>>> print(open('run-v7.txt').read())   # compact mmCIF, C-alpha atoms and all ligand atoms
# COMPACT_ATOMS: atom_id res chain seq x y z
CA MET A 17 0.00 0.00 0.00
CA ALA A 18 1.38 3.37 -0.97
CA PHE A 19 2.33 5.74 1.80
CA ILE A 20 1.46 9.44 1.66
CA ASN A 21 3.54 11.68 3.88
CA PRO A 22 1.83 15.08 4.23
CA LYS A 23 4.79 16.43 6.15
CA THR A 24 7.57 15.79 3.64
CA ARG A 25 4.99 15.92 0.83
CA GLU A 26 6.18 12.65 -0.55
CA VAL A 27 4.36 9.59 -1.86
CA GLN A 28 6.01 6.16 -1.88
CA ILE A 29 4.66 3.61 -4.32
CA LYS A 30 5.62 -0.05 -4.61
CA ILE A 31 5.72 -1.67 -8.05
CA VAL A 32 6.60 -5.37 -8.32
CA TYR A 33 7.88 -7.16 -11.43
CA TYR A 34 6.53 -10.71 -11.33
CA GLY A 35 6.87 -13.66 -13.68
CA PRO A 36 8.57 -16.98 -14.39
CA GLY A 37 12.25 -17.57 -13.66
CA ARG A 38 14.67 -16.23 -16.30
CA GLY A 39 11.85 -14.23 -17.88
CA GLY A 40 13.78 -10.96 -17.72
CA LYS A 41 12.51 -9.14 -14.61
CA THR A 42 15.95 -8.26 -13.31
CA THR A 43 17.01 -7.24 -16.82
CA ASN A 44 14.12 -4.74 -16.89
CA LEU A 45 15.36 -3.06 -13.71
CA GLU A 46 18.97 -3.12 -14.88
CA TYR A 47 17.97 -1.32 -18.05
CA ILE A 48 16.01 1.31 -16.12
CA TYR A 49 18.95 1.77 -13.78
CA LYS A 50 21.36 2.28 -16.66
CA LYS A 51 19.04 4.56 -18.58
CA PHE A 52 18.28 6.88 -15.66
CA ASN A 53 21.66 6.70 -14.05
CA GLU A 54 21.83 10.41 -13.25
CA ARG A 55 18.41 10.49 -11.66
CA ILE A 56 18.94 7.49 -9.42
CA LYS A 57 21.31 8.47 -6.69
CA THR A 58 21.65 5.14 -4.95
CA GLU A 59 22.90 1.72 -5.99
CA MET A 60 20.44 -0.88 -7.21
CA VAL A 61 20.08 -3.55 -4.55
CA SER A 62 20.20 -7.12 -5.87
CA LEU A 63 19.99 -10.16 -3.64
CA LYS A 64 21.04 -12.97 -5.94
CA THR A 65 22.73 -16.35 -6.15
CA HIS A 66 26.16 -16.94 -7.66
CA GLY A 67 24.47 -17.88 -10.91
CA ASP A 68 22.86 -14.42 -11.09
CA ARG A 69 19.37 -15.68 -10.31
CA THR A 70 17.31 -13.51 -8.01
CA LEU A 71 17.29 -15.01 -4.53
CA PHE A 72 15.11 -12.53 -2.70
CA PHE A 73 14.51 -9.37 -4.69
CA ASP A 74 15.99 -6.51 -6.67
CA PHE A 75 15.20 -3.00 -5.49
CA LEU A 76 15.42 0.27 -7.34
CA PRO A 77 13.99 3.52 -5.94
CA PHE A 78 13.18 6.13 -8.50
CA ASP A 79 11.87 9.72 -8.37
CA VAL A 80 9.33 10.30 -11.09
CA GLY A 81 8.47 13.93 -10.47
CA ARG A 82 5.70 15.92 -8.84
CA ILE A 83 1.96 15.54 -8.80
CA MET A 84 -0.25 18.00 -6.96
CA GLY A 85 2.72 19.27 -4.99
CA TYR A 86 3.83 15.81 -3.91
CA ASP A 87 7.14 14.17 -4.84
CA ILE A 88 6.35 10.76 -6.26
CA ARG A 89 8.89 8.14 -5.37
CA VAL A 90 8.44 4.80 -7.06
CA GLN A 91 10.11 1.74 -5.58
CA LEU A 92 10.63 -0.97 -8.17
CA TYR A 93 11.04 -4.56 -6.95
CA THR A 94 11.47 -7.90 -8.70
CA VAL A 95 10.57 -11.26 -7.21
CA PRO A 96 12.61 -14.44 -7.66
CA GLY A 97 10.88 -16.38 -10.41
CA GLN A 98 12.15 -19.85 -9.54
CA VAL A 99 9.34 -22.02 -8.23
CA LYS A 100 11.21 -23.00 -5.07
CA TYR A 101 11.41 -19.41 -3.82
CA ASP A 102 7.71 -19.01 -3.24
CA SER A 103 7.97 -17.90 0.38
CA THR A 104 10.26 -14.99 -0.44
CA ARG A 105 8.22 -14.15 -3.51
CA LYS A 106 5.24 -13.78 -1.27
CA LEU A 107 7.08 -11.43 1.09
CA VAL A 108 7.99 -9.08 -1.73
CA LEU A 109 4.34 -8.77 -2.73
CA ARG A 110 3.40 -7.33 0.61
CA GLY A 111 1.82 -3.90 0.21
CA VAL A 112 2.16 -3.88 -3.59
CA ASP A 113 0.51 -1.01 -5.52
CA GLY A 114 1.09 -2.11 -9.10
CA ILE A 115 2.37 -5.21 -10.89
CA VAL A 116 4.24 -5.79 -14.14
CA PHE A 117 3.91 -9.40 -15.24
CA VAL A 118 6.97 -10.27 -17.34
CA ALA A 119 6.12 -13.27 -19.49
CA ASP A 120 8.73 -15.09 -21.54
CA CYS A 121 7.88 -15.26 -25.27
CA MET A 122 9.81 -18.46 -25.88
CA ALA A 123 7.45 -21.21 -26.98
CA ILE A 124 9.13 -23.79 -24.74
CA VAL A 125 8.17 -21.91 -21.57
CA ARG A 126 4.50 -21.41 -22.41
CA LYS A 127 3.34 -23.47 -19.42
CA LYS A 128 5.70 -21.69 -17.02
CA ASN A 129 4.14 -18.33 -17.80
CA MET A 130 0.69 -19.65 -16.97
CA LEU A 131 1.86 -21.32 -13.77
CA SER A 132 3.57 -18.14 -12.64
CA LEU A 133 0.43 -16.09 -13.24
CA LYS A 134 -1.60 -18.61 -11.27
CA ASN A 135 0.97 -18.35 -8.49
CA LEU A 136 0.62 -14.56 -8.51
CA TYR A 137 -3.13 -14.93 -8.18
CA GLU A 138 -2.72 -17.28 -5.21
CA ASN A 139 -0.10 -15.21 -3.45
CA LEU A 140 -2.24 -12.08 -3.74
CA SER A 141 -5.18 -14.03 -2.35
CA GLY A 142 -2.96 -14.79 0.64
CA TYR A 143 -3.06 -11.06 1.39
CA ASN A 144 -6.80 -10.89 0.65
CA ARG A 145 -6.13 -9.00 -2.54
CA SER A 146 -7.56 -9.65 -5.96
CA ILE A 147 -5.47 -9.64 -9.11
CA PHE A 148 -8.44 -7.97 -10.81
CA LYS A 149 -8.27 -4.96 -8.52
CA ILE A 150 -4.56 -4.19 -8.67
CA PRO A 151 -3.11 -2.14 -11.54
CA LEU A 152 -1.37 -4.61 -13.85
CA VAL A 153 0.64 -4.44 -17.07
CA MET A 154 1.61 -7.46 -19.16
CA GLN A 155 5.01 -7.54 -20.80
CA TYR A 156 5.84 -10.19 -23.40
CA ASN A 157 9.59 -10.23 -23.24
CA LYS A 158 12.48 -11.49 -25.39
CA ILE A 159 10.80 -10.57 -28.66
CA ASP A 160 14.30 -10.02 -30.09
CA LEU A 161 14.81 -13.79 -30.16
CA ALA A 162 12.65 -13.94 -33.29
CA ASP A 163 15.71 -12.69 -35.20
CA GLU A 164 17.61 -15.76 -34.11
CA GLY A 165 14.98 -18.12 -35.38
CA ILE A 166 13.91 -19.28 -31.91
CA PRO A 167 10.23 -20.34 -31.83
CA LEU A 168 8.21 -17.67 -30.01
CA LEU A 169 4.63 -17.37 -28.87
CA SER A 170 2.73 -14.67 -30.69
CA PRO A 171 1.31 -11.76 -28.67
CA GLN A 172 -2.15 -13.08 -29.58
CA THR A 173 -1.35 -16.47 -28.09
CA LEU A 174 0.09 -14.88 -24.97
CA ASP A 175 -2.97 -12.65 -24.67
CA ARG A 176 -5.17 -15.71 -24.87
CA ASP A 177 -3.06 -17.67 -22.37
CA LEU A 178 -2.58 -14.95 -19.79
CA ASN A 179 -4.71 -11.94 -20.47
CA ALA A 180 -8.10 -13.20 -21.65
CA GLN A 181 -9.84 -12.30 -18.41
CA LEU A 182 -7.48 -9.70 -17.00
CA LYS A 183 -7.47 -7.58 -20.14
CA ALA A 184 -4.47 -5.64 -18.90
CA PRO A 185 -2.50 -3.37 -21.22
CA SER A 186 0.23 -5.45 -22.84
CA PHE A 187 3.55 -4.72 -24.53
CA VAL A 188 5.95 -6.89 -26.44
CA ALA A 189 9.42 -6.04 -25.25
CA SER A 190 13.09 -6.83 -25.28
CA ALA A 191 14.45 -6.06 -21.85
CA ILE A 192 17.98 -6.77 -22.93
CA LYS A 193 17.78 -4.23 -25.79
CA GLY A 194 15.59 -1.84 -23.83
CA TYR A 195 12.71 -2.08 -26.26
CA ASN A 196 9.46 -1.05 -24.51
CA VAL A 197 11.02 -1.29 -21.06
CA ILE A 198 10.42 2.37 -20.23
CA LYS A 199 7.00 2.24 -21.88
CA THR A 200 6.03 -0.65 -19.63
CA MET A 201 7.22 1.21 -16.55
CA LYS A 202 5.47 4.45 -17.50
CA LYS A 203 2.25 2.56 -18.09
CA ILE A 204 2.22 0.87 -14.71
CA ILE A 205 2.97 4.15 -12.95
CA MET A 206 0.19 5.83 -14.90
CA LEU A 207 -2.26 3.11 -13.92
CA THR A 208 -1.25 3.28 -10.28
CA MET A 209 -1.51 7.03 -9.82
CA PRO A 210 -5.29 7.58 -10.02
CA THR A 211 -6.00 5.39 -6.99
CA ILE A 212 -3.60 7.53 -4.97
CA GLN A 213 -4.32 10.95 -6.45
CA GLY A 214 -7.77 10.99 -4.90
CA GLN A 215 -6.16 10.96 -1.48
CA LEU A 216 -3.76 13.85 -2.09
CA ARG A 217 -4.78 17.31 -1.04
CA MET B 18 -5.44 2.85 -2.00
CA ALA B 19 -2.77 4.60 -0.02
CA PHE B 20 -2.41 5.09 3.65
CA VAL B 21 -1.82 8.45 5.23
CA VAL B 22 -0.49 9.40 8.63
CA GLY B 23 -1.47 12.88 9.76
CA GLU B 24 1.06 15.65 9.94
CA ASN B 25 0.64 16.11 13.70
CA GLN B 26 1.11 12.41 14.24
CA LEU B 27 4.27 12.46 12.16
CA ASN B 28 5.53 15.42 14.18
CA GLU B 29 4.89 13.56 17.41
CA ILE B 30 6.57 10.44 16.09
CA GLU B 31 9.63 12.42 15.02
CA ASN B 32 9.79 14.07 18.43
CA THR B 33 9.72 10.68 20.07
CA LEU B 34 12.42 9.34 17.77
CA GLN B 35 14.59 12.35 18.51
CA LYS B 36 14.09 12.52 22.28
CA ASP B 37 13.90 8.84 23.17
CA ILE B 38 16.38 7.44 20.67
CA ILE B 39 18.71 9.87 18.89
CA ASP B 40 19.44 11.92 22.00
CA LEU B 41 20.84 8.77 23.64
CA GLY B 42 23.71 8.82 21.17
CA VAL B 43 22.07 6.63 18.54
CA LYS B 44 23.18 7.27 14.94
CA CYS B 45 20.04 6.72 12.97
CA VAL B 46 16.50 5.50 13.49
CA VAL B 47 13.89 4.73 10.83
CA LEU B 48 10.23 3.83 11.20
CA ILE B 49 9.05 1.76 8.24
CA ASP B 50 6.04 -0.34 7.31
CA MET B 51 6.24 -3.98 6.31
CA ALA B 52 6.05 -3.07 2.63
CA GLY B 53 9.31 -1.16 3.00
CA ASN B 54 7.90 2.38 3.00
CA ILE B 55 9.52 4.96 5.26
CA LEU B 56 7.21 6.78 7.66
CA ALA B 57 9.71 8.80 9.62
CA THR B 58 13.41 9.01 10.23
CA ARG B 59 15.90 10.87 12.40
CA ASP B 60 19.67 10.79 12.55
CA ASP B 61 22.51 12.46 14.39
CA GLY B 62 23.57 14.30 11.24
CA ALA B 63 27.00 12.66 11.18
CA ARG B 64 26.58 10.27 8.31
CA LYS B 65 23.83 9.74 5.78
CA HIS B 66 22.86 6.17 5.09
CA ASP B 67 20.88 5.02 2.07
CA ILE B 68 17.76 4.59 4.14
CA TYR B 69 15.50 3.64 1.22
CA SER B 70 17.56 0.55 0.48
CA LEU B 71 17.85 -0.06 4.18
CA ALA B 72 14.06 0.06 4.55
CA ALA B 73 13.48 -2.38 1.68
CA LEU B 74 16.04 -4.80 3.08
CA ALA B 75 14.83 -4.46 6.67
CA ALA B 76 11.24 -5.19 5.68
CA GLY B 77 12.34 -8.21 3.65
CA ASN B 78 14.65 -9.42 6.39
CA PHE B 79 11.98 -9.06 9.04
CA GLY B 80 9.49 -10.92 6.88
CA ALA B 81 11.98 -13.72 6.30
CA VAL B 82 12.84 -14.02 9.99
CA SER B 83 9.14 -14.08 10.96
CA ALA B 84 8.50 -16.81 8.41
CA MET B 85 11.40 -18.82 9.87
CA ALA B 86 9.96 -18.39 13.36
CA LYS B 87 6.65 -19.84 12.19
CA ILE B 88 8.37 -22.84 10.60
CA ILE B 89 9.98 -23.79 13.91
CA GLY B 90 6.79 -23.13 15.86
CA GLU B 91 7.54 -19.72 17.37
CA ASP B 92 5.24 -16.73 17.06
CA GLU B 93 8.20 -14.45 16.63
CA PHE B 94 11.74 -13.95 17.90
CA SER B 95 11.96 -11.40 20.66
CA LEU B 96 15.44 -10.08 19.90
CA LEU B 97 16.36 -9.04 16.38
CA PHE B 98 19.78 -7.61 16.39
CA HIS B 99 22.92 -7.69 14.25
CA LYS B 100 26.27 -6.90 15.77
CA GLY B 101 29.11 -5.38 13.80
CA LYS B 102 32.62 -4.27 14.74
CA SER B 103 31.55 -0.73 15.44
CA GLU B 104 27.97 -0.39 14.19
CA ASN B 105 24.97 -2.44 15.22
CA ILE B 106 21.43 -2.67 13.99
CA HIS B 107 18.32 -3.45 16.01
CA PHE B 108 14.77 -4.16 14.83
CA SER B 109 11.59 -3.84 16.82
CA LYS B 110 8.07 -4.50 15.65
CA VAL B 111 5.53 -1.71 16.20
CA MET B 112 2.00 -3.11 16.26
CA ASP B 113 1.58 -5.57 13.38
CA GLU B 114 2.34 -3.31 10.48
CA PHE B 115 5.44 -1.33 11.35
CA LEU B 116 9.07 -1.80 12.20
CA LEU B 117 11.51 0.45 14.04
CA VAL B 118 15.10 0.13 12.78
CA THR B 119 17.85 1.53 14.96
CA ILE B 120 21.53 1.91 14.04
CA PHE B 121 23.88 2.50 16.95
CA SER B 122 27.54 2.15 17.86
CA ASN B 123 29.14 0.22 20.71
CA GLU B 124 29.08 3.28 22.93
CA VAL B 125 25.40 2.59 23.53
CA SER B 126 24.69 -0.59 25.49
CA LEU B 127 22.24 -3.03 23.96
CA GLY B 128 20.29 -3.39 27.22
CA PHE B 129 19.77 0.34 27.55
CA LEU B 130 18.90 0.66 23.88
CA ARG B 131 16.29 -2.09 24.10
CA LEU B 132 14.69 -0.42 27.09
CA LYS B 133 14.50 2.93 25.34
CA VAL B 134 13.31 1.40 22.08
CA SER B 135 10.51 -0.42 23.84
CA GLU B 136 9.39 2.85 25.46
CA ALA B 137 9.47 4.58 22.09
CA VAL B 138 7.55 1.70 20.49
CA ALA B 139 4.81 2.01 23.10
CA ARG B 140 4.60 5.74 22.48
CA ILE B 141 4.54 5.36 18.69
CA SER B 142 1.83 2.69 18.91
CA GLU B 143 -0.28 5.14 20.89
CA ILE B 144 0.27 7.88 18.33
CA LEU B 145 -0.50 5.64 15.36
CA SER B 146 -3.64 4.27 17.02
CA SER B 147 -5.11 7.71 17.63
CA PRO B 148 -7.45 9.00 14.93
CA VAL B 149 -5.87 10.78 11.97
CA ASP B 150 -5.76 14.52 12.43
CA GLY B 151 -6.52 17.05 9.72
N1 LIG C 1 17.38 -12.47 -25.77
C1 LIG C 1 16.93 -11.93 -24.66
N2 LIG C 1 17.37 -12.34 -23.48
C2 LIG C 1 16.91 -11.76 -22.36
C3 LIG C 1 15.94 -10.71 -22.40
N3 LIG C 1 15.65 -10.35 -21.14
C4 LIG C 1 16.41 -11.11 -20.33
N4 LIG C 1 17.17 -11.96 -21.05
C5 LIG C 1 18.14 -12.95 -20.55
O1 LIG C 1 17.46 -13.94 -19.84
C6 LIG C 1 18.22 -14.37 -18.69
C7 LIG C 1 17.40 -14.18 -17.43
O2 LIG C 1 17.13 -12.80 -17.23
P1 LIG C 1 16.82 -12.20 -15.78
O3 LIG C 1 16.49 -10.76 -15.97
O4 LIG C 1 17.89 -12.56 -14.84
O5 LIG C 1 15.49 -13.03 -15.44
P2 LIG C 1 14.63 -12.98 -14.11
O6 LIG C 1 13.21 -12.93 -14.53
O7 LIG C 1 15.09 -11.90 -13.22
O8 LIG C 1 14.96 -14.42 -13.48
P3 LIG C 1 14.82 -14.87 -11.92
O9 LIG C 1 15.60 -13.89 -11.13
O10 LIG C 1 15.36 -16.26 -11.83
O11 LIG C 1 13.37 -14.83 -11.62
C8 LIG C 1 19.48 -13.53 -18.72
O12 LIG C 1 20.50 -14.27 -19.29
C9 LIG C 1 19.12 -12.34 -19.57
O13 LIG C 1 20.22 -11.78 -20.23
C10 LIG C 1 15.49 -10.28 -23.69
O14 LIG C 1 14.66 -9.38 -23.83
N5 LIG C 1 16.00 -10.93 -24.78
MG MG C 2 15.78 -11.84 -11.34
>>> encode(input="run-v7.txt", output="structure tokens", more="lines below")
Ligand SMILES: Nc1nc2c(ncn2[C@@H]2O[C@H](COP(=O)(O)OP(=O)(O)OP(=O)(O)O)[C@@H](O)[C@H]2O)c(=O)[nH]1
Ligand SMILES: [Mg+2]
Amino acid sequence: MAFINPKTREVQIKIVYYGPGRGGKTTNLEYIYKKFNERIKTEMVSLKTHGDRTLFFDFLPFDVGRIMGYDIRVQLYTVPGQVKYDSTRKLVLRGVDGIVFVADCMAIVRKKNMLSLKNLYENLSGYNRSIFKIPLVMQYNKIDLADEGIPLLSPQTLDRDLNAQLKAPSFVASAIKGYNVIKTMKKIIMLTMPTIQGQLR
Amino acid sequence: MAFVVGENQLNEIENTLQKDIIDLGVKCVVLIDMAGNILATRDDGARKHDIYSLAALAAGNFGAVSAMAKIIGEDEFSLLFHKGKSENIHFSKVMDEFLLVTIFSNEVSLGFLRLKVSEAVARISEILSSPVDG
């Protein structure tokens, strides 16, 4: 849940990147960190294994400007996608304001995307929250692999698999090349703001 | 949905943090929620820590430790404390939703710190439970 501080006139918002292991969540944050290097004054925090897999979370705080006289500070997190890290994944979701679901376009991981989305649904339920009531953006990542002849799922297939009921805005992306990474982030911030704006005065 | 703490309440909390904690010789104290948001902070002005990262890690760490307690059949661990060569860090839960993180050097004794922190926690709980002011 976002926190509004009327004294410092600051709003803190928590955005979580969720999705299957190796889908590209950490790569999204790394791109944002590189791109906005001058605006981000602190180091990105990454709790990871030796093999560079997220163990607990990545964390990147980010000032996005002012709305109605309040400084908006977005805190971006990723969860560990590996199935075995469910308990830590759940912890990261606590108090979430907006979610980016990073799906992997590779045809061989089709099932994993669906299982991860189901897991998101269940973990939110654990906090008595509904996936239908939280701002959500779908990102279909690794689209660049098409150039290498790797079989990919089409955006239509991914929409059918993951987004038929949710009907969230979706973007194809290449986190590694930066394609649509910022667009995805801007969209989730935009979707998250209205629920908070009403409480600013 | 966002949650708001009134300006007067924040003032009172900051006063408590200053008087009951920082004035003892403590370096830095941060009140956060379990999502990792920062509600209030005070320090002795000597060194600035990256408190946003600290808050995210403290919330995650506290969540992980609580989950471990449950696995071994404890409600929670009563002392959460990390000792360094010269700096130490202490965590104390405030009601169910908040956490007080205190950074202090060896010049402050742990026993004394715990006593003062528990007084501050009681005071902050009172403040946060009172109705939001305008
Ligand atoms: N070709 C290609 N590779 C990508 C892309 N995004 C990420 N990768 C690669 O996929 C691998 C996994 O990326 P990560 O960002 O670590 O994935 P993650 O979702 O954080 O994985 P977990 O931390 O295990 O949940 C890395 O080798 C990345 O370089 C992309 O858009 N295109
Ligand atoms: Mg990762």
>>> closest_residue(input="run-v7.txt", among="B:Leu71, B:Ile89, B:Val46, B:Ala52", to="chain A", atoms="only C-alpha atoms")
B:Ala52
>>> residues_around(input="run-v7.txt", residues="A:Thr43", least_positions_apart="3", cutoff="12 Å", atoms="only C-alpha atoms", output="count of residues only")
28
>>> residues_around(input="run-v7.txt", residues="B:Pro148", least_positions_apart="5", cutoff="12 Å", atoms="all atoms listed in the file", output="list of chain:residue names")
B:Val21, B:Val22, B:Gly23, B:Glu24, B:Asn25, B:Gln26, B:Ser142, B:Glu143
>>> atom_distance(input="run-v7.txt", atom1="atom CA of A:Ala184", atom2="atom CA of A:Lys134")
15.3 Å
>>> interface_residues(input="run-v7.txt", of="chain B", to="chain A", cutoff="10 Å", atoms="only C-alpha atoms", output="compact mmCIF listing (two decimals) with C-alpha atoms, in the coordinates of the input")
# COMPACT_ATOMS: atom_id res chain seq x y z
CA MET B 18 -5.44 2.85 -2.00
CA ALA B 19 -2.77 4.60 -0.02
CA PHE B 20 -2.41 5.09 3.65
CA VAL B 21 -1.82 8.45 5.23
CA VAL B 22 -0.49 9.40 8.63
CA GLY B 23 -1.47 12.88 9.76
CA GLU B 24 1.06 15.65 9.94
CA ASN B 25 0.64 16.11 13.70
CA GLN B 26 1.11 12.41 14.24
CA LEU B 27 4.27 12.46 12.16
CA ASN B 28 5.53 15.42 14.18
CA ASP B 50 6.04 -0.34 7.31
CA MET B 51 6.24 -3.98 6.31
CA ALA B 52 6.05 -3.07 2.63
CA GLY B 53 9.31 -1.16 3.00
CA ASN B 54 7.90 2.38 3.00
CA ILE B 55 9.52 4.96 5.26
CA LEU B 56 7.21 6.78 7.66
CA ALA B 57 9.71 8.80 9.62
CA ASP B 67 20.88 5.02 2.07
CA ILE B 68 17.76 4.59 4.14
CA TYR B 69 15.50 3.64 1.22
CA SER B 70 17.56 0.55 0.48
CA LEU B 71 17.85 -0.06 4.18
CA ALA B 73 13.48 -2.38 1.68
CA LEU B 74 16.04 -4.80 3.08
CA ALA B 76 11.24 -5.19 5.68
CA GLY B 77 12.34 -8.21 3.65
CA ASN B 78 14.65 -9.42 6.39
CA PHE B 79 11.98 -9.06 9.04
CA GLY B 80 9.49 -10.92 6.88
CA ALA B 81 11.98 -13.72 6.30
CA ALA B 84 8.50 -16.81 8.41
>>> atom_distance(input="run-v7.txt", atom1="atom CA of A:Glu54", atom2="atom CA of A:Tyr86")
21.0 Å
>>> closest_residue(input="run-v7.txt", among="A:Ile198, A:Met154, A:Leu174, A:Met206", to="A:Lys127", atoms="only C-alpha atoms")
A:Leu174
>>> atom_distance(input="run-v7.txt", atom1="atom C4 of ligand LIG 1 (chain C)", atom2="atom CA of A:Lys128")
15.4 Å
>>> closest_residue(input="run-v7.txt", among="A:Arg55, A:Arg82, A:Arg105, A:Lys100", to="A:Glu138", atoms="all atoms listed in the file")
A:Arg105
>>> residues_around(input="run-v7.txt", residues="B:Ser83", least_positions_apart="4", cutoff="8 Å", atoms="only C-alpha atoms", output="ChimeraX atom specification")
/B:79,87,92-94
>>> residues_around(input="run-v7.txt", residues="B:Phe121", least_positions_apart="6", cutoff="6 Å", atoms="only C-alpha atoms", output="JSON, numbers by chain")
{"B": [43, 44, 104, 105]}
>>> closest_residue(input="run-v7.txt", among="A:Phe52, A:Phe117, A:Phe148, A:Tyr137", to="ligand LIG 1 (chain C)", atoms="all atoms listed in the file")
A:Phe117
>>> closest_residue(input="run-v7.txt", among="A:Ala162, A:Leu152, A:Ile88, A:Leu133", to="ligand LIG 1 (chain C)", atoms="only C-alpha atoms and all ligand atoms")
A:Ala162
>>> closest_residue(input="run-v7.txt", among="A:Ile31, A:Val80, A:Ile56, A:Cys121", to="A:Asp160", atoms="all atoms listed in the file")
A:Cys121
>>> axis_aligned_box(input="run-v7.txt", around="stretch 194-213 of chain A", padding_each_side="3 Å", output="AutoDock Vina command-line options")
--center_x 4.8 --center_y 4.4 --center_z -15.6 --size_x 27.6 --size_y 19.0 --size_z 27.3
>>> build_atoms(input="run-v7.txt", residues="stretch 83-89 of chain A", atoms="all heavy atoms", output="PDB file, in the coordinates of the input")
ATOM      1  N   ILE A  83       3.376  15.483  -8.475  1.00  0.00           N
ATOM      2  CA  ILE A  83       1.960  15.540  -8.800  1.00  0.00           C
ATOM      3  C   ILE A  83       1.253  16.224  -7.653  1.00  0.00           C
ATOM      4  O   ILE A  83       1.417  15.837  -6.492  1.00  0.00           O
ATOM      5  CB  ILE A  83       1.383  14.129  -9.042  1.00  0.00           C
ATOM      6  CG1 ILE A  83       1.947  13.557 -10.340  1.00  0.00           C
ATOM      7  CG2 ILE A  83      -0.139  14.171  -9.106  1.00  0.00           C
ATOM      8  CD1 ILE A  83       1.448  12.197 -10.703  1.00  0.00           C
ATOM      9  N   MET A  84       0.494  17.259  -7.970  1.00  0.00           N
ATOM     10  CA  MET A  84      -0.250  18.000  -6.960  1.00  0.00           C
ATOM     11  C   MET A  84       0.626  18.388  -5.771  1.00  0.00           C
ATOM     12  O   MET A  84       0.208  18.284  -4.618  1.00  0.00           O
ATOM     13  CB  MET A  84      -1.452  17.181  -6.483  1.00  0.00           C
ATOM     14  CG  MET A  84      -2.451  16.890  -7.604  1.00  0.00           C
ATOM     15  SD  MET A  84      -3.643  15.628  -7.173  1.00  0.00           S
ATOM     16  CE  MET A  84      -4.641  16.517  -5.963  1.00  0.00           C
ATOM     17  N   GLY A  85       1.832  18.805  -6.055  1.00  0.00           N
ATOM     18  CA  GLY A  85       2.720  19.270  -4.990  1.00  0.00           C
ATOM     19  C   GLY A  85       3.375  18.165  -4.182  1.00  0.00           C
ATOM     20  O   GLY A  85       4.030  18.433  -3.178  1.00  0.00           O
ATOM     21  N   TYR A  86       3.194  16.922  -4.608  1.00  0.00           N
ATOM     22  CA  TYR A  86       3.830  15.810  -3.910  1.00  0.00           C
ATOM     23  C   TYR A  86       4.946  15.206  -4.765  1.00  0.00           C
ATOM     24  O   TYR A  86       4.764  15.028  -5.968  1.00  0.00           O
ATOM     25  CB  TYR A  86       2.808  14.705  -3.599  1.00  0.00           C
ATOM     26  CG  TYR A  86       1.983  14.970  -2.368  1.00  0.00           C
ATOM     27  CD1 TYR A  86       0.880  15.816  -2.432  1.00  0.00           C
ATOM     28  CD2 TYR A  86       2.298  14.380  -1.150  1.00  0.00           C
ATOM     29  CE1 TYR A  86       0.121  16.082  -1.300  1.00  0.00           C
ATOM     30  CE2 TYR A  86       1.546  14.636  -0.020  1.00  0.00           C
ATOM     31  CZ  TYR A  86       0.461  15.486  -0.090  1.00  0.00           C
ATOM     32  OH  TYR A  86      -0.282  15.738   1.023  1.00  0.00           O
ATOM     33  N   ASP A  87       6.082  14.901  -4.141  1.00  0.00           N
ATOM     34  CA  ASP A  87       7.140  14.170  -4.840  1.00  0.00           C
ATOM     35  C   ASP A  87       6.748  12.709  -4.895  1.00  0.00           C
ATOM     36  O   ASP A  87       6.471  12.101  -3.867  1.00  0.00           O
ATOM     37  CB  ASP A  87       8.469  14.286  -4.077  1.00  0.00           C
ATOM     38  CG  ASP A  87       9.062  15.668  -4.228  1.00  0.00           C
ATOM     39  OD1 ASP A  87       8.942  16.235  -5.333  1.00  0.00           O
ATOM     40  OD2 ASP A  87       9.622  16.193  -3.245  1.00  0.00           O
ATOM     41  N   ILE A  88       6.736  12.160  -6.109  1.00  0.00           N
ATOM     42  CA  ILE A  88       6.350  10.760  -6.260  1.00  0.00           C
ATOM     43  C   ILE A  88       7.608   9.909  -6.349  1.00  0.00           C
ATOM     44  O   ILE A  88       8.424  10.080  -7.254  1.00  0.00           O
ATOM     45  CB  ILE A  88       5.499  10.550  -7.537  1.00  0.00           C
ATOM     46  CG1 ILE A  88       4.347  11.567  -7.598  1.00  0.00           C
ATOM     47  CG2 ILE A  88       4.986   9.116  -7.591  1.00  0.00           C
ATOM     48  CD1 ILE A  88       3.338  11.468  -6.489  1.00  0.00           C
ATOM     49  N   ARG A  89       7.735   9.031  -5.397  1.00  0.00           N
ATOM     50  CA  ARG A  89       8.890   8.140  -5.370  1.00  0.00           C
ATOM     51  C   ARG A  89       8.408   6.713  -5.602  1.00  0.00           C
ATOM     52  O   ARG A  89       7.647   6.174  -4.816  1.00  0.00           O
ATOM     53  CB  ARG A  89       9.585   8.256  -4.028  1.00  0.00           C
ATOM     54  CG  ARG A  89      10.736   7.301  -3.857  1.00  0.00           C
ATOM     55  CD  ARG A  89      11.433   7.566  -2.540  1.00  0.00           C
ATOM     56  NE  ARG A  89      12.473   8.563  -2.725  1.00  0.00           N
ATOM     57  CZ  ARG A  89      13.757   8.230  -2.901  1.00  0.00           C
ATOM     58  NH1 ARG A  89      14.124   6.975  -2.922  1.00  0.00           N
ATOM     59  NH2 ARG A  89      14.663   9.158  -3.050  1.00  0.00           N
TER      60      ARG A  89
END
